[in-house]
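The structure file model.pdb is reproduced below (PDB, C-alpha atoms, pLDDT in the B column).
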```pdb
ATOM      1  CA  MET K 760     -18.134   6.575  -6.022  1.00 86.00           C
ATOM      2  CA  ARG K 761     -20.576   4.560  -3.906  1.00 93.00           C
ATOM      3  CA  LEU K 762     -19.204   1.315  -2.474  1.00 95.00           C
ATOM      4  CA  ILE K 763     -20.615  -1.360  -0.167  1.00 96.00           C
ATOM      5  CA  PHE K 764     -18.283  -3.514   1.956  1.00 96.00           C
ATOM      6  CA  LEU K 765     -19.670  -6.847   3.189  1.00 95.00           C
ATOM      7  CA  GLY K 766     -18.055  -9.235   5.662  1.00 89.00           C
ATOM      8  CA  VAL K 767     -17.738  -9.988   9.361  1.00 82.00           C
ATOM      9  CA  PRO K 768     -15.794  -7.679  11.672  1.00 77.00           C
ATOM     10  CA  GLY K 769     -12.083  -8.438  11.450  1.00 82.00           C
ATOM     11  CA  ALA K 770     -12.134  -9.210   7.723  1.00 88.00           C
ATOM     12  CA  GLY K 771     -10.285  -5.979   6.917  1.00 90.00           C
ATOM     13  CA  LYS K 772     -13.197  -3.771   5.840  1.00 92.00           C
ATOM     14  CA  SER K 773     -12.422  -0.932   8.238  1.00 89.00           C
ATOM     15  CA  THR K 774      -8.753  -0.704   7.300  1.00 90.00           C
ATOM     16  CA  GLN K 775      -9.507  -0.715   3.586  1.00 93.00           C
ATOM     17  CA  GLY K 776     -12.456   1.644   3.991  1.00 93.00           C
ATOM     18  CA  ALA K 777     -10.207   4.206   5.676  1.00 91.00           C
ATOM     19  CA  ALA K 778      -7.618   3.907   2.880  1.00 88.00           C
ATOM     20  CA  LEU K 779     -10.143   4.378   0.066  1.00 89.00           C
ATOM     21  CA  SER K 780     -11.934   7.128   1.974  1.00 92.00           C
ATOM     22  CA  SER K 781      -8.689   9.083   2.122  1.00 90.00           C
ATOM     23  CA  GLN K 782      -7.855   8.431  -1.523  1.00 85.00           C
ATOM     24  CA  TRP K 783     -11.289   9.271  -2.932  1.00 87.00           C
ATOM     25  CA  GLN K 784     -12.229  11.923  -0.344  1.00 92.00           C
ATOM     26  CA  ILE K 785     -15.574  10.297   0.461  1.00 94.00           C
ATOM     27  CA  PRO K 786     -16.887   9.303   3.918  1.00 96.00           C
ATOM     28  CA  HIS K 787     -16.282   5.809   5.299  1.00 96.00           C
ATOM     29  CA  ILE K 788     -19.530   4.902   7.083  1.00 96.00           C
ATOM     30  CA  SER K 789     -18.725   1.974   9.376  1.00 93.00           C
ATOM     31  CA  ILE K 790     -21.668   0.466  11.263  1.00 91.00           C
ATOM     32  CA  ASP K 791     -19.347  -1.164  13.818  1.00 86.00           C
ATOM     33  CA  ASP K 792     -17.624   2.166  14.530  1.00 89.00           C
ATOM     34  CA  ILE K 793     -20.927   4.053  14.741  1.00 92.00           C
ATOM     35  CA  CYS K 794     -22.361   1.532  17.218  1.00 91.00           C
ATOM     36  CA  ARG K 795     -19.176   1.398  19.306  1.00 88.00           C
ATOM     37  CA  GLN K 796     -18.884   5.191  19.541  1.00 92.00           C
ATOM     38  CA  ALA K 797     -22.575   5.547  20.380  1.00 93.00           C
ATOM     39  CA  ILE K 798     -22.264   2.963  23.170  1.00 93.00           C
ATOM     40  CA  ALA K 799     -19.176   4.693  24.569  1.00 91.00           C
ATOM     41  CA  LYS K 800     -20.950   8.076  24.565  1.00 93.00           C
ATOM     42  CA  GLU K 801     -24.143   6.496  25.961  1.00 93.00           C
ATOM     43  CA  THR K 802     -26.331   8.172  23.335  1.00 93.00           C
ATOM     44  CA  SER K 803     -29.947   7.074  22.947  1.00 92.00           C
ATOM     45  CA  PHE K 804     -28.918   5.002  19.924  1.00 93.00           C
ATOM     46  CA  GLY K 805     -26.008   3.524  21.859  1.00 93.00           C
ATOM     47  CA  LEU K 806     -28.257   2.465  24.734  1.00 93.00           C
ATOM     48  CA  LYS K 807     -30.637   0.800  22.269  1.00 92.00           C
ATOM     49  CA  VAL K 808     -27.995  -1.241  20.455  1.00 92.00           C
ATOM     50  CA  LYS K 809     -25.737  -2.075  23.416  1.00 92.00           C
ATOM     51  CA  PRO K 810     -27.644  -5.216  24.544  1.00 91.00           C
ATOM     52  CA  TYR K 811     -27.607  -6.626  20.996  1.00 88.00           C
ATOM     53  CA  ILE K 812     -23.888  -5.925  20.521  1.00 83.00           C
ATOM     54  CA  GLU K 813     -22.982  -7.463  23.886  1.00 81.00           C
ATOM     55  CA  ARG K 814     -24.896 -10.649  23.064  1.00 79.00           C
ATOM     56  CA  GLY K 815     -23.523 -10.795  19.542  1.00 72.00           C
ATOM     57  CA  ASP K 816     -27.083 -10.559  18.178  1.00 78.00           C
ATOM     58  CA  VAL K 817     -28.228  -8.785  15.024  1.00 79.00           C
ATOM     59  CA  VAL K 818     -29.218  -5.162  15.685  1.00 87.00           C
ATOM     60  CA  PRO K 819     -32.834  -4.543  14.487  1.00 90.00           C
ATOM     61  CA  ASP K 820     -33.067  -3.207  10.942  1.00 90.00           C
ATOM     62  CA  ASP K 821     -34.983  -0.042  11.860  1.00 90.00           C
ATOM     63  CA  PHE K 822     -32.327   1.016  14.401  1.00 89.00           C
ATOM     64  CA  LEU K 823     -29.592   0.799  11.765  1.00 92.00           C
ATOM     65  CA  LEU K 824     -31.616   2.201   8.883  1.00 92.00           C
ATOM     66  CA  ASN K 825     -32.297   5.463  10.736  1.00 91.00           C
ATOM     67  CA  ILE K 826     -28.572   5.985  11.297  1.00 92.00           C
ATOM     68  CA  ILE K 827     -27.739   5.068   7.688  1.00 95.00           C
ATOM     69  CA  ARG K 828     -30.392   7.496   6.437  1.00 94.00           C
ATOM     70  CA  GLN K 829     -28.824  10.335   8.454  1.00 92.00           C
ATOM     71  CA  ARG K 830     -25.303   9.588   7.197  1.00 94.00           C
ATOM     72  CA  LEU K 831     -26.216   9.158   3.522  1.00 94.00           C
ATOM     73  CA  ASN K 832     -28.288  12.349   3.541  1.00 92.00           C
ATOM     74  CA  HIS K 833     -25.423  14.338   5.051  1.00 92.00           C
ATOM     75  CA  ALA K 834     -23.744  16.909   2.804  1.00 91.00           C
ATOM     76  CA  SER K 835     -20.403  15.053   3.048  1.00 92.00           C
ATOM     77  CA  ALA K 836     -21.922  11.979   1.361  1.00 93.00           C
ATOM     78  CA  GLN K 837     -23.290  13.704  -1.726  1.00 89.00           C
ATOM     79  CA  GLN K 838     -20.190  12.941  -3.831  1.00 89.00           C
ATOM     80  CA  GLY K 839     -20.037   9.309  -2.745  1.00 92.00           C
ATOM     81  CA  TRP K 840     -19.542   7.020   0.242  1.00 96.00           C
ATOM     82  CA  ILE K 841     -18.214   3.696   1.484  1.00 96.00           C
ATOM     83  CA  LEU K 842     -20.834   1.755   3.456  1.00 96.00           C
ATOM     84  CA  ASP K 843     -19.111  -0.756   5.732  1.00 95.00           C
ATOM     85  CA  GLY K 844     -21.037  -3.480   7.562  1.00 89.00           C
ATOM     86  CA  PHE K 845     -24.483  -2.678   6.231  1.00 92.00           C
ATOM     87  CA  PRO K 846     -26.423  -4.432   4.797  1.00 94.00           C
ATOM     88  CA  GLY K 847     -25.798  -7.591   6.778  1.00 88.00           C
ATOM     89  CA  ASN K 848     -28.688  -9.625   5.390  1.00 90.00           C
ATOM     90  CA  LEU K 849     -31.086  -9.696   2.455  1.00 93.00           C
ATOM     91  CA  SER K 850     -33.856  -7.694   4.127  1.00 92.00           C
ATOM     92  CA  GLN K 851     -31.378  -4.915   4.943  1.00 93.00           C
ATOM     93  CA  ALA K 852     -30.148  -4.939   1.321  1.00 95.00           C
ATOM     94  CA  LYS K 853     -33.687  -4.345   0.080  1.00 95.00           C
ATOM     95  CA  LEU K 854     -34.277  -1.630   2.693  1.00 95.00           C
ATOM     96  CA  LEU K 855     -31.050   0.044   1.574  1.00 96.00           C
ATOM     97  CA  ASP K 856     -32.182  -0.030  -2.062  1.00 96.00           C
ATOM     98  CA  GLN K 857     -35.441   1.668  -1.064  1.00 95.00           C
ATOM     99  CA  LEU K 858     -33.539   4.294   0.915  1.00 95.00           C
ATOM    100  CA  LEU K 859     -31.171   5.022  -1.985  1.00 94.00           C
ATOM    101  CA  LEU K 860     -34.135   5.393  -4.343  1.00 93.00           C
ATOM    102  CA  GLU K 861     -35.669   7.889  -1.897  1.00 92.00           C
ATOM    103  CA  ILE K 862     -32.420   9.858  -1.787  1.00 90.00           C
ATOM    104  CA  GLN K 863     -32.212   9.853  -5.589  1.00 87.00           C
ATOM    105  CA  ALA K 864     -35.749  11.203  -5.850  1.00 87.00           C
ATOM    106  CA  LYS K 865     -35.081  13.810  -3.166  1.00 84.00           C
ATOM    107  CA  ASN K 866     -32.005  15.018  -5.063  1.00 78.00           C
ATOM    108  CA  HIS K 867     -33.915  14.914  -8.371  1.00 70.00           C
ATOM    109  CA  ASN K 868     -31.417  12.379  -9.709  1.00 68.00           C
ATOM    110  CA  THR K 869     -33.820   9.817 -11.145  1.00 57.00           C
ATOM    111  CA  SER K 870     -31.952   9.504 -14.459  1.00 55.00           C
ATOM    112  CA  SER K 871     -29.417   7.050 -12.993  1.00 59.00           C
ATOM    113  CA  LYS K 872     -30.665   3.515 -12.394  1.00 64.00           C
ATOM    114  CA  GLN K 873     -27.449   2.533 -10.611  1.00 79.00           C
ATOM    115  CA  LEU K 874     -27.765   2.928  -6.844  1.00 90.00           C
ATOM    116  CA  TYR K 875     -24.151   1.982  -6.056  1.00 91.00           C
ATOM    117  CA  ASP K 876     -21.024   1.327  -8.070  1.00 91.00           C
ATOM    118  CA  GLN K 877     -19.567  -1.829  -6.532  1.00 93.00           C
ATOM    119  CA  VAL K 878     -20.094  -4.308  -3.713  1.00 96.00           C
ATOM    120  CA  PHE K 879     -17.023  -5.967  -2.185  1.00 96.00           C
ATOM    121  CA  SER K 880     -17.429  -9.079  -0.049  1.00 95.00           C
ATOM    122  CA  PHE K 881     -14.435  -9.710   2.244  1.00 94.00           C
ATOM    123  CA  TYR K 882     -13.814 -13.295   3.323  1.00 89.00           C
ATOM    124  CA  VAL K 883     -11.264 -14.698   5.788  1.00 88.00           C
ATOM    125  CA  PRO K 884     -10.942 -18.303   7.059  1.00 85.00           C
ATOM    126  CA  ILE K 885     -12.504 -18.651  10.505  1.00 79.00           C
ATOM    127  CA  ASP K 886      -9.276 -20.019  12.025  1.00 83.00           C
ATOM    128  CA  VAL K 887      -7.610 -16.732  11.016  1.00 84.00           C
ATOM    129  CA  LEU K 888     -10.587 -14.507  11.789  1.00 82.00           C
ATOM    130  CA  LEU K 889     -11.301 -15.608  15.372  1.00 78.00           C
ATOM    131  CA  PRO K 890      -7.806 -14.914  16.798  1.00 79.00           C
ATOM    132  CA  ARG K 891      -7.674 -11.641  14.852  1.00 78.00           C
ATOM    133  CA  LEU K 892     -10.909 -10.448  16.482  1.00 75.00           C
ATOM    134  CA  LEU K 893      -9.973 -11.581  19.985  1.00 73.00           C
ATOM    135  CA  GLN K 894      -6.612  -9.795  19.751  1.00 75.00           C
ATOM    136  CA  GLN K 895      -8.459  -6.504  19.338  1.00 66.00           C
ATOM    137  CA  SER K 896      -9.557  -6.799  22.997  1.00 58.00           C
ATOM    138  CA  ARG K 897     -12.752  -4.776  22.646  1.00 55.00           C
ATOM    139  CA  LEU K 898     -15.124  -4.652  25.600  1.00 51.00           C
ATOM    140  CA  ASP K 899     -17.934  -6.154  23.549  1.00 54.00           C
ATOM    141  CA  ASP K 900     -15.770  -8.953  22.137  1.00 59.00           C
ATOM    142  CA  THR K 901     -15.832 -12.147  24.198  1.00 65.00           C
ATOM    143  CA  HIS K 902     -15.038 -15.475  22.543  1.00 68.00           C
ATOM    144  CA  ASP K 903     -18.722 -16.483  22.560  1.00 74.00           C
ATOM    145  CA  SER K 904     -20.063 -13.178  21.191  1.00 70.00           C
ATOM    146  CA  VAL K 905     -17.390 -13.033  18.482  1.00 72.00           C
ATOM    147  CA  TYR K 906     -18.095 -16.599  17.373  1.00 75.00           C
ATOM    148  CA  LYS K 907     -21.839 -15.926  17.401  1.00 76.00           C
ATOM    149  CA  ARG K 908     -21.413 -12.847  15.192  1.00 75.00           C
ATOM    150  CA  ILE K 909     -19.345 -14.874  12.726  1.00 80.00           C
ATOM    151  CA  GLU K 910     -21.974 -17.627  12.665  1.00 82.00           C
ATOM    152  CA  LEU K 911     -24.820 -15.127  12.233  1.00 80.00           C
ATOM    153  CA  TYR K 912     -23.067 -13.407   9.358  1.00 81.00           C
ATOM    154  CA  HIS K 913     -22.427 -16.651   7.521  1.00 81.00           C
ATOM    155  CA  GLU K 914     -26.027 -17.707   8.132  1.00 84.00           C
ATOM    156  CA  HIS K 915     -27.324 -14.614   6.320  1.00 82.00           C
ATOM    157  CA  SER K 916     -24.509 -13.913   3.862  1.00 87.00           C
ATOM    158  CA  ALA K 917     -25.304 -16.559   1.223  1.00 88.00           C
ATOM    159  CA  SER K 918     -28.575 -14.922   0.128  1.00 93.00           C
ATOM    160  CA  LEU K 919     -27.024 -11.455   0.454  1.00 93.00           C
ATOM    161  CA  ILE K 920     -24.052 -12.327  -1.752  1.00 93.00           C
ATOM    162  CA  GLN K 921     -26.338 -13.993  -4.281  1.00 94.00           C
ATOM    163  CA  TYR K 922     -28.501 -10.850  -4.375  1.00 96.00           C
ATOM    164  CA  TYR K 923     -25.571  -8.666  -5.382  1.00 96.00           C
ATOM    165  CA  ARG K 924     -24.066 -11.288  -7.662  1.00 94.00           C
ATOM    166  CA  GLN K 925     -27.290 -11.293  -9.687  1.00 94.00           C
ATOM    167  CA  GLN K 926     -26.861  -7.544 -10.145  1.00 92.00           C
ATOM    168  CA  ASN K 927     -23.346  -8.062 -11.548  1.00 90.00           C
ATOM    169  CA  CYS K 928     -21.803  -5.656  -9.041  1.00 92.00           C
ATOM    170  CA  LEU K 929     -20.159  -8.119  -6.602  1.00 94.00           C
ATOM    171  CA  THR K 930     -16.407  -8.652  -6.195  1.00 93.00           C
ATOM    172  CA  MET K 931     -15.054 -11.202  -3.688  1.00 93.00           C
ATOM    173  CA  ILE K 932     -11.994 -10.081  -1.674  1.00 92.00           C
ATOM    174  CA  ASN K 933      -9.570 -12.443   0.074  1.00 91.00           C
ATOM    175  CA  GLY K 934      -8.901 -10.600   3.340  1.00 89.00           C
ATOM    176  CA  ASP K 935      -6.237 -13.088   4.427  1.00 90.00           C
ATOM    177  CA  ARG K 936      -3.495 -11.187   2.621  1.00 90.00           C
ATOM    178  CA  SER K 937      -1.307  -8.204   3.437  1.00 90.00           C
ATOM    179  CA  VAL K 938      -3.043  -4.853   3.828  1.00 90.00           C
ATOM    180  CA  GLU K 939      -1.003  -3.450   0.931  1.00 92.00           C
ATOM    181  CA  ILE K 940      -2.014  -6.210  -1.503  1.00 94.00           C
ATOM    182  CA  VAL K 941      -5.708  -5.893  -0.648  1.00 93.00           C
ATOM    183  CA  THR K 942      -5.543  -2.089  -0.884  1.00 91.00           C
ATOM    184  CA  HIS K 943      -3.909  -2.271  -4.317  1.00 91.00           C
ATOM    185  CA  PHE K 944      -6.534  -4.757  -5.553  1.00 91.00           C
ATOM    186  CA  LEU K 945      -9.382  -2.548  -4.317  1.00 90.00           C
ATOM    187  CA  GLN K 946      -7.921   0.645  -5.745  1.00 86.00           C
ATOM    188  CA  ASP K 947      -7.383  -1.034  -9.099  1.00 88.00           C
ATOM    189  CA  SER K 948     -10.905  -2.489  -9.140  1.00 87.00           C
ATOM    190  CA  VAL K 949     -12.519   0.828  -8.161  1.00 81.00           C
ATOM    191  CA  ALA K 950     -10.473   2.768 -10.732  1.00 80.00           C
ATOM    192  CA  LYS K 951     -11.536   0.373 -13.514  1.00 79.00           C
ATOM    193  CA  SER K 952     -15.184   0.655 -12.436  1.00 72.00           C
ATOM    194  CA  TYR K 953     -14.927   4.448 -12.444  1.00 67.00           C
ATOM    195  CA  LEU K 954     -13.427   4.505 -15.948  1.00 65.00           C
ATOM    196  CA  THR K 955     -16.051   2.068 -17.248  1.00 63.00           C
ATOM    197  CA  ALA K 956     -18.885   4.173 -15.805  1.00 60.00           C
ATOM    198  CA  ASN K 957     -17.490   7.324 -17.406  1.00 57.00           C
ATOM    199  CA  LYS K 958     -17.247   5.637 -20.803  1.00 54.00           C
ATOM    200  CA  LYS K 959     -20.962   4.792 -20.642  1.00 53.00           C
ATOM    201  CA  ILE K 960     -21.927   8.418 -20.090  1.00 46.00           C
TER     202      ILE K 960
END
```

Step by step, read the file and then write its structure as structure tokens.
Amino acid sequence: MRLIFLGVPGAGKSTQGAALSSQWQIPHISIDDICRQAIAKETSFGLKVKPYIERGDVVPDDFLLNIIRQRLNHASAQQGWILDGFPGNLSQAKLLDQLLLEIQAKNHNTSSKQLYDQVFSFYVPIDVLLPRLLQQSRLDDTHDSVYKRIELYHEHSASLIQYYRQQNCLTMINGDRSVEIVTHFLQDSVAKSYLTANKKI
């Protein structure tokens, strides 16, 4: 099962990603977590992305793509994965498609045209999202940087959502509900997708 979670930080992607990761026994690859841990450990990647994160700017595509390539090529990701927070714009979506095609070819799995099973886009009203993010009290989360990240995401998300909608793999998720309700909806949606895919084989 290969899933993509779209949405700004605080929309509930991380919580739901962890739940599905545990249920399906596939890695939850969170870009926010990867960047935060790298900054805390002061790795070379962390030092590169830290200025962008602190300003609330978009991290350059090539920085993120190298990390994504490493994670998706890892042995733990061969049975599936949940990609959380990437892609964040249309150019990243196309780069991801190219990367997944490369991985398919490398694994000699060119028979499947489907690169991922489902894309979930989490949305939360901004008046709910902003306080939720600020309550997390992260070092890189000031009011200005949080608001800028929300604005940047919405600026790029329309074309991104349209891209996946045209591929008939997009499901919109209302993140302004209880964790349990959202989890149940996701599990039900993923289970139906899994059954449908197996019927086609």

Exercise: K:Leu945 partners within 9 Å, all atoms listed in the file, chain neighbours under 5 positions left out, as a PDB file with C-alpha atoms, in the coordinates of the input:
```
ATOM      1  CA  GLN K 775      -9.507  -0.715   3.586  1.00 93.00           C
ATOM      2  CA  LEU K 779     -10.143   4.378   0.066  1.00 89.00           C
ATOM      3  CA  PHE K 879     -17.023  -5.967  -2.185  1.00 96.00           C
ATOM      4  CA  ILE K 932     -11.994 -10.081  -1.674  1.00 92.00           C
ATOM      5  CA  ILE K 940      -2.014  -6.210  -1.503  1.00 94.00           C
ATOM      6  CA  ALA K 950     -10.473   2.768 -10.732  1.00 80.00           C
TER       7      ALA K 950
END
```

At most 9 Å is the cut-off: for each residue in stretch 911-944 of chain K with any atom that close to an atom of stretch 846-866 of chain K, write down the nearest atom pair and the distance in Å rounded to one decimal, counting all atoms listed in the file, chain first then increasing number, as CSV.
```
residue,atom,partner,partner_atom,distance
K:Tyr912,CA,K:Gly847,CA,6.9
K:Glu914,CA,K:Asn848,CA,8.9
K:His915,CA,K:Asn848,CA,5.3
K:Ser916,CA,K:Asn848,CA,6.2
K:Ala917,CA,K:Asn848,CA,8.8
K:Ser918,CA,K:Leu849,CA,6.2
K:Leu919,CA,K:Leu849,CA,4.9
K:Ile920,CA,K:Leu849,CA,8.6
K:Tyr922,CA,K:Leu849,CA,7.4
K:Tyr923,CA,K:Ala852,CA,8.9
```

Residue subset to file, keeping C-alpha atoms, as a compact mmCIF listing (two decimals), in the coordinates of the input:
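Output below, filename result.txt:
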```txt
# COMPACT_ATOMS: atom_id res chain seq x y z
CA TYR K 912 -23.07 -13.41 9.36
CA GLU K 914 -26.03 -17.71 8.13
CA HIS K 915 -27.32 -14.61 6.32
CA SER K 916 -24.51 -13.91 3.86
CA ALA K 917 -25.30 -16.56 1.22
CA SER K 918 -28.58 -14.92 0.13
CA LEU K 919 -27.02 -11.46 0.45
CA ILE K 920 -24.05 -12.33 -1.75
CA TYR K 922 -28.50 -10.85 -4.38
CA TYR K 923 -25.57 -8.67 -5.38
```

## Note on the structure
Counting only C-alpha atoms, the residue among K:Val905, K:Val938, K:Leu888, K:Ile827 that lies closest to K:Ser789 is K:Ile827

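Nearest to K:Ser773 of all the residues K:Leu806, K:Ala834, K:Ile790, K:Leu893 is K:Ile790, counting only C-alpha atoms.
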
### Task
For the file shown, report as a list of chain:residue names the outcome of the PyMOL selection byres ((chain K and resi 822) around 12) at residue level.
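Output of the PyMOL selection byres ((chain K and resi 822) around 12): K:Ile790, K:Ile793, K:Cys794, K:Ser803, K:Phe804, K:Gly805, K:Leu806, K:Lys807, K:Val808, K:Lys809, K:Tyr811, K:Val817, K:Val818, K:Pro819, K:Asp820, K:Asp821, K:Leu823, K:Leu824, K:Asn825, K:Ile826, K:Ile827, K:Arg828, K:Gln829, K:Phe845, K:Gln851.
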
Please, could you write that set of residues out with C-alpha atoms as a tab-separated table (two decimals), in the coordinates of the input?
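Result file out-v1.tsv:
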```tsv
chain	number	residue	atom	x	y	z
K	790	ILE	CA	-21.67	0.47	11.26
K	793	ILE	CA	-20.93	4.05	14.74
K	794	CYS	CA	-22.36	1.53	17.22
K	803	SER	CA	-29.95	7.07	22.95
K	804	PHE	CA	-28.92	5.00	19.92
K	805	GLY	CA	-26.01	3.52	21.86
K	806	LEU	CA	-28.26	2.46	24.73
K	807	LYS	CA	-30.64	0.80	22.27
K	808	VAL	CA	-28.00	-1.24	20.45
K	809	LYS	CA	-25.74	-2.08	23.42
K	811	TYR	CA	-27.61	-6.63	21.00
K	817	VAL	CA	-28.23	-8.78	15.02
K	818	VAL	CA	-29.22	-5.16	15.68
K	819	PRO	CA	-32.83	-4.54	14.49
K	820	ASP	CA	-33.07	-3.21	10.94
K	821	ASP	CA	-34.98	-0.04	11.86
K	823	LEU	CA	-29.59	0.80	11.76
K	824	LEU	CA	-31.62	2.20	8.88
K	825	ASN	CA	-32.30	5.46	10.74
K	826	ILE	CA	-28.57	5.98	11.30
K	827	ILE	CA	-27.74	5.07	7.69
K	828	ARG	CA	-30.39	7.50	6.44
K	829	GLN	CA	-28.82	10.34	8.45
K	845	PHE	CA	-24.48	-2.68	6.23
K	851	GLN	CA	-31.38	-4.92	4.94
```

### Message
Please enumerate the residues selected by the PyMOL selection byres ((chain K and resi 941) around 12) when evaluated against the supplied file, formatted as number ranges by chain.
### Response
K: 770-772, 774-776, 778-779, 879, 881-882, 931-940, 942-948

### Task
Provide the atom CA of K:Leu874 to atom CA of K:Asp791 distance in Å, to one decimal place.
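Taking atom CA of K:Leu874 as the start and atom CA of K:Asp791 as the end point, the length is 22.7 Å.
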
### Query
Hey, what comes out of the PyMOL selection byres ((chain K and resi 835) around 12) on this file? Could you write it as a list in words?
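Output from the PyMOL selection byres ((chain K and resi 835) around 12), applied to this file: Ser780, Gln784, Ile785, Pro786, His787, Ile788, Gln829, Arg830, Leu831, Asn832, His833, Ala834, Ala836, Gln837, Gln838, Gly839, Trp840 and Ile841 of chain K.
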